[in-house]
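*Asks:* The following block contains the structure, expressed as structure tokens.
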Amino acid sequence: MAPPKGGYAPNLDKFLDTLKSRPVDSSVEFLISLLKRRQIRGSESCAIATAHVLLQIVARDKWTDVDQLIGRIQLVGRKLVAAQPHELVIGNIVKRVLGLIRDEAEEDRNETGNDSPTGSAPPLPPAIEAPPVDKTIRPASLIALGSFARTQSMFNLLSDPDFVPSPGSTPRLGSGASTPQRHPHSTNVPALRSEVIDGIEEIMDEIRQVDEQVQAYAEIVIHPGDYVLVHQPSRTVQKFLTRAASKRKFTVFLVVDPTASSTADDPYAALRKSLTSGGSTVVNIMNVGLMAYMSKVNKVILGARAITRKGGVLVDAGAAVIARAAQEQGRTVIVLGGVYKVSPDSRFHHEDFVEWGNPSKYVNFADGAMVGQVRVKNAIAEFVPAELVNTYITNLGAHSKDHLHGIIADHYKEEDINFDLFGKIQR
């Protein structure tokens with residue numbers, strides 16, 4: 001692997017910069033290593049990286065038919081998912097590209113079929129004509145000429161008076177009986193390649209436009225005077241709140257990780273500034289004190305890492321207890337996420353979604369006695385069951401959990417939904 005540019009740790013931008021200069025297989029291996037080391041992380045970054053590497057496979061690999069391309073995408077997809085199985089969007093993008101290839105190939109077959117209908121016989125060469133029926137002079141008998149005369153040529157077949165083709169038979173050309181009656185469809189590789197590339201670029205544009213499209217619903221969801229609770233808001237949630245604050249005043253309870261308050265850089269400084277400049281109020285809450293404020297909350301807004309087929313949501317650690325508390329208090333829980341985060345796969349157990357990270361920000365080697373005697377686990381992501389969520393807002397609008405199957409049916413093919421990319425998640 002080539003050393004990263006400038007001596008800095010590689011990330012999504014550096015990976016994208018190297019795509020054109022690397023062989024395709026090298027780019028795939030590079031992405032696998034970045035995913036394993038979590039140097040590319042987060043739903044949007046993983047989805048964009050996956051889409052880019054699949055686009056390189058379609059554009060630069062040598063493939064001659066649809067089945068060969070689908071097999072290649074499936075193989076690479078398995079490798080990427082195995083590298084980081086907790087990022088469900090990787091499998092989502094792989095399956096959407098597979099469905100895109102199938103759709104474009106089907107359109108290509110239909111167009112070819114319309115131009116040259118199946119079963120139509122090719123015209124006979126004009127230079128070869130059958131002798132007139134009333135011709136008095138007949139050719140010598142084939143028996144007299146011997147077996148040499150029964151050559152498999154078009155002229156002899158047509159000049160044989162004993163040969164009477166059936167009305168519905170197809171003229172046999174060239175090699176006679178050994179010629180197949182059906183002509184297999186040949187893939188128009190350049191046209192299919194171009195269409196699939198355009199489709200993958202549309203998927204990437206969709207991913208980039210999610211935040212702008214989701215925030216269009218902010219004014220409908222958040223009302224003047226509302227008390228809104230958010231947990232470690234993602235960029236999508238931050239833009240959603242900012243859009244609402246530009247039109248009305250409300251109060252935001254911002255639940256943050258206790259360790260974040262001890263760091264010099266405030267990741268939500270820009271959010272606080274944008275909300276307070278419009279007249280809204282921001283109240284910081286630590287995880288341990290959120291229950292004291294839940295009675296005042298009107299709605300809880302969470303950002304999704306991924307949304308499962310049955311409506312369960314993969315979120316940042318700490319959000320599950322908030323969703324449970326909101327249900328106990330009868331508060332509305334709203335989940336924000338793009339359609340590309342809606343996963344067609346629902347075969348996981350809840351514990352498979354939990355991702356464990358480095359616990360050093362809670363316990364370090366200064367606590368020698370504790371480090372030696374206690375095993376500390378730090379959850380990065382956890383699962384919120386579907387029964388704790390009231391509404392899902394995507395770039396296509398607001399949905400209930402009963403409508404998620406319609407989104408999946410519109411964006412994935414049945415054969416790809418049933419294709420197992422994940423296997424068993426190693427924990």
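Each chain of the structure tokens is named A, B, ... in the order shown, its residues numbered from 1; ligands are numbered from 1 in display order.
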Wanna dump the stretch 263-379 of chain A-stretch 208-223 of chain A contacts at 8 Å for me, each residue with its shortest atom pair and the distance in Å to one decimal, counting only C-alpha atoms, ordered by chain and number, as a tab-separated table?
*Replies:*
```
residue	atom	partner	partner_atom	distance
A:Leu336	CA	A:Val214	CA	7.5
A:Gly337	CA	A:Val214	CA	7.8
A:Gly338	CA	A:Val210	CA	5.6
```
*Asks:* Okay, now the selection with all heavy atoms, as a CSV table (one decimal), in the first residue's frame?
*Replies:*
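Result file selection_30.csv:
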```
chain,number,residue,atom,x,y,z
A,336,LEU,N,-34.5,10.7,12.2
A,336,LEU,CA,-34.1,11.3,10.9
A,336,LEU,C,-33.0,10.4,10.2
A,336,LEU,O,-32.1,10.0,10.9
A,336,LEU,CB,-33.6,12.7,11.1
A,336,LEU,CG,-34.4,13.7,11.9
A,336,LEU,CD1,-33.7,15.1,11.9
A,336,LEU,CD2,-35.8,13.8,11.3
A,337,GLY,N,-33.2,10.2,8.9
A,337,GLY,CA,-32.2,9.4,8.2
A,337,GLY,C,-32.6,9.3,6.7
A,337,GLY,O,-33.8,9.3,6.4
A,338,GLY,N,-31.6,9.3,5.8
A,338,GLY,CA,-31.9,9.1,4.4
A,338,GLY,C,-32.3,7.8,4.0
A,338,GLY,O,-32.2,6.8,4.8
```
*Asks:* Name the residues in contact with stretch 315-319 of chain A at a cut-off of 6 Å, using only C-alpha atoms, excluding same-chain residues fewer than 6 positions from it; report them as JSON, numbers by chain.
*Replies:* {"A": [304, 305, 379, 380, 381, 382]}
*Asks:* Can I get the selected residues back with all heavy atoms, as an mmCIF file, in the first residue's frame?
*Replies:*
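To be explicit, this is the file written out as selection.cif:
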```
data_model
loop_
_atom_site.group_PDB
_atom_site.id
_atom_site.type_symbol
_atom_site.label_atom_id
_atom_site.label_comp_id
_atom_site.auth_asym_id
_atom_site.auth_seq_id
_atom_site.Cartn_x
_atom_site.Cartn_y
_atom_site.Cartn_z
ATOM 1 N N ALA A 304 -30.308 8.643 12.825
ATOM 2 C CA ALA A 304 -30.124 7.206 12.626
ATOM 3 C C ALA A 304 -28.802 6.915 11.943
ATOM 4 O O ALA A 304 -28.428 7.584 10.980
ATOM 5 C CB ALA A 304 -31.272 6.642 11.787
ATOM 6 N N ARG A 305 -28.108 5.920 12.446
ATOM 7 C CA ARG A 305 -26.979 5.348 11.710
ATOM 8 C C ARG A 305 -27.504 4.416 10.619
ATOM 9 O O ARG A 305 -26.943 4.351 9.528
ATOM 10 C CB ARG A 305 -26.075 4.561 12.653
ATOM 11 C CG ARG A 305 -25.223 5.426 13.584
ATOM 12 C CD ARG A 305 -24.406 4.532 14.501
ATOM 13 N NE ARG A 305 -23.432 5.304 15.261
ATOM 14 C CZ ARG A 305 -22.139 5.002 15.359
ATOM 15 N NH1 ARG A 305 -21.677 3.946 14.716
ATOM 16 N NH2 ARG A 305 -21.324 5.736 16.075
ATOM 17 N N ALA A 379 -19.661 1.216 24.825
ATOM 18 C CA ALA A 379 -20.512 1.059 23.644
ATOM 19 C C ALA A 379 -20.465 2.329 22.798
ATOM 20 O O ALA A 379 -20.564 3.442 23.318
ATOM 21 C CB ALA A 379 -21.948 0.765 24.060
ATOM 22 N N ILE A 380 -20.310 2.144 21.487
ATOM 23 C CA ILE A 380 -20.318 3.265 20.548
ATOM 24 C C ILE A 380 -21.682 3.406 19.888
ATOM 25 O O ILE A 380 -22.175 4.517 19.686
ATOM 26 C CB ILE A 380 -19.230 3.064 19.474
ATOM 27 C CG1 ILE A 380 -17.849 3.066 20.117
ATOM 28 C CG2 ILE A 380 -19.315 4.153 18.405
ATOM 29 C CD1 ILE A 380 -16.743 2.787 19.125
ATOM 30 N N ALA A 381 -22.289 2.289 19.548
ATOM 31 C CA ALA A 381 -23.599 2.296 18.904
ATOM 32 C C ALA A 381 -24.477 1.245 19.557
ATOM 33 O O ALA A 381 -23.980 0.234 20.064
ATOM 34 C CB ALA A 381 -23.475 2.020 17.409
ATOM 35 N N GLU A 382 -25.790 1.505 19.563
ATOM 36 C CA GLU A 382 -26.729 0.557 20.143
ATOM 37 C C GLU A 382 -28.031 0.562 19.356
ATOM 38 O O GLU A 382 -28.197 1.352 18.417
ATOM 39 C CB GLU A 382 -26.985 0.890 21.618
ATOM 40 C CG GLU A 382 -27.533 2.271 21.861
ATOM 41 C CD GLU A 382 -27.592 2.604 23.341
ATOM 42 O OE1 GLU A 382 -27.065 1.836 24.156
ATOM 43 O OE2 GLU A 382 -28.157 3.672 23.674
#
```
*Asks:* Could you pull out the alpha helix (DSSP H) residues of stretch 178-376 of chain A from DSSP and send them as an NGL selection string?
*Replies:* :A and (189-208 or 210-214 or 218-221 or 235-245 or 269-277 or 319-329 or 368-373)
*Asks:* Set the distance at 9 Å and use only C-alpha atoms: which residues neighbour A:Thr308 once local chain neighbours fewer than 3 positions away are removed? I'd like the list as a list in words.
*Replies:* Leu88, Gly311, Gly312, Val313, Leu314, Lys341, Val342, Ser343, Pro344, Asp345, Ser346, Ala386 and Leu404 of chain A
*Asks:* Find the spatial neighbours of A:Ile197, counting only C-alpha atoms, within a cut-off of 12 Å - ignore same-chain residues fewer than 6 positions away - and output them as a list in words.
*Replies:*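 With the cut-off at 12 Å, the set is Ala51, His52, Val53, Leu54, Leu55, Gln56, Ile57, Val58, Ala59, Arg60, Val97, Leu100, Ile101, Glu104, Val189, Pro190, Ala191, Ile203 and Met204 of chain A.
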*Asks:* Taking into account only C-alpha atoms, which residue in the set A:Asp352, A:Asp13, A:Glu106, A:Asp67 is nearest to A:Ala49?
*Replies:*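 Result for the nearest residue to A:Ala49: A:Asp13.
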*Asks:* Please measure the separation of atom CA of A:Ser27 and atom CA of A:Arg102, giving the value in Å to one decimal.
*Replies:* 24.5 Å
*Asks:* When you look at stretch 75-85 of chain A with a cut-off of 12 Å (counting only C-alpha atoms), what residues show up, excluding the ones that are within fewer than 6 positions of it in the same chain? I need them as a ChimeraX atom specification.
*Replies:* /A:24-43,46-47,49-51,53-58,68-69,91-98,348,352-355,416,419-427
*Asks:* Please measure the separation of atom CA of A:Ala326 and atom CA of A:Tyr293, giving the value in Å to one decimal.
*Replies:*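 Distance reported for this atom pair: 10.6 Å.
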*Asks:* If I take atom CA of A:Leu192 and atom CA of A:Asp108, how far is one from the other in Å, to one decimal?
*Replies:* 7.3 Å
*Asks:* With distances taken over only C-alpha atoms, which residue among A:Ala105, A:Glu387, A:Arg235, A:Lys413 lies nearest A:Ala270?
*Replies:*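 Of A:Ala105, A:Glu387, A:Arg235, A:Lys413, the one nearest A:Ala270 is A:Arg235, counting only C-alpha atoms.
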*Asks:* Write out as a PyMOL selection string all residues of stretch 179-376 of chain A that DSSP puts in strand (DSSP E) for this structure's backbone.
*Replies:* chain A and resi 227-231+251-256+281-286+299-303+306-307+313-316+332-336+355-357
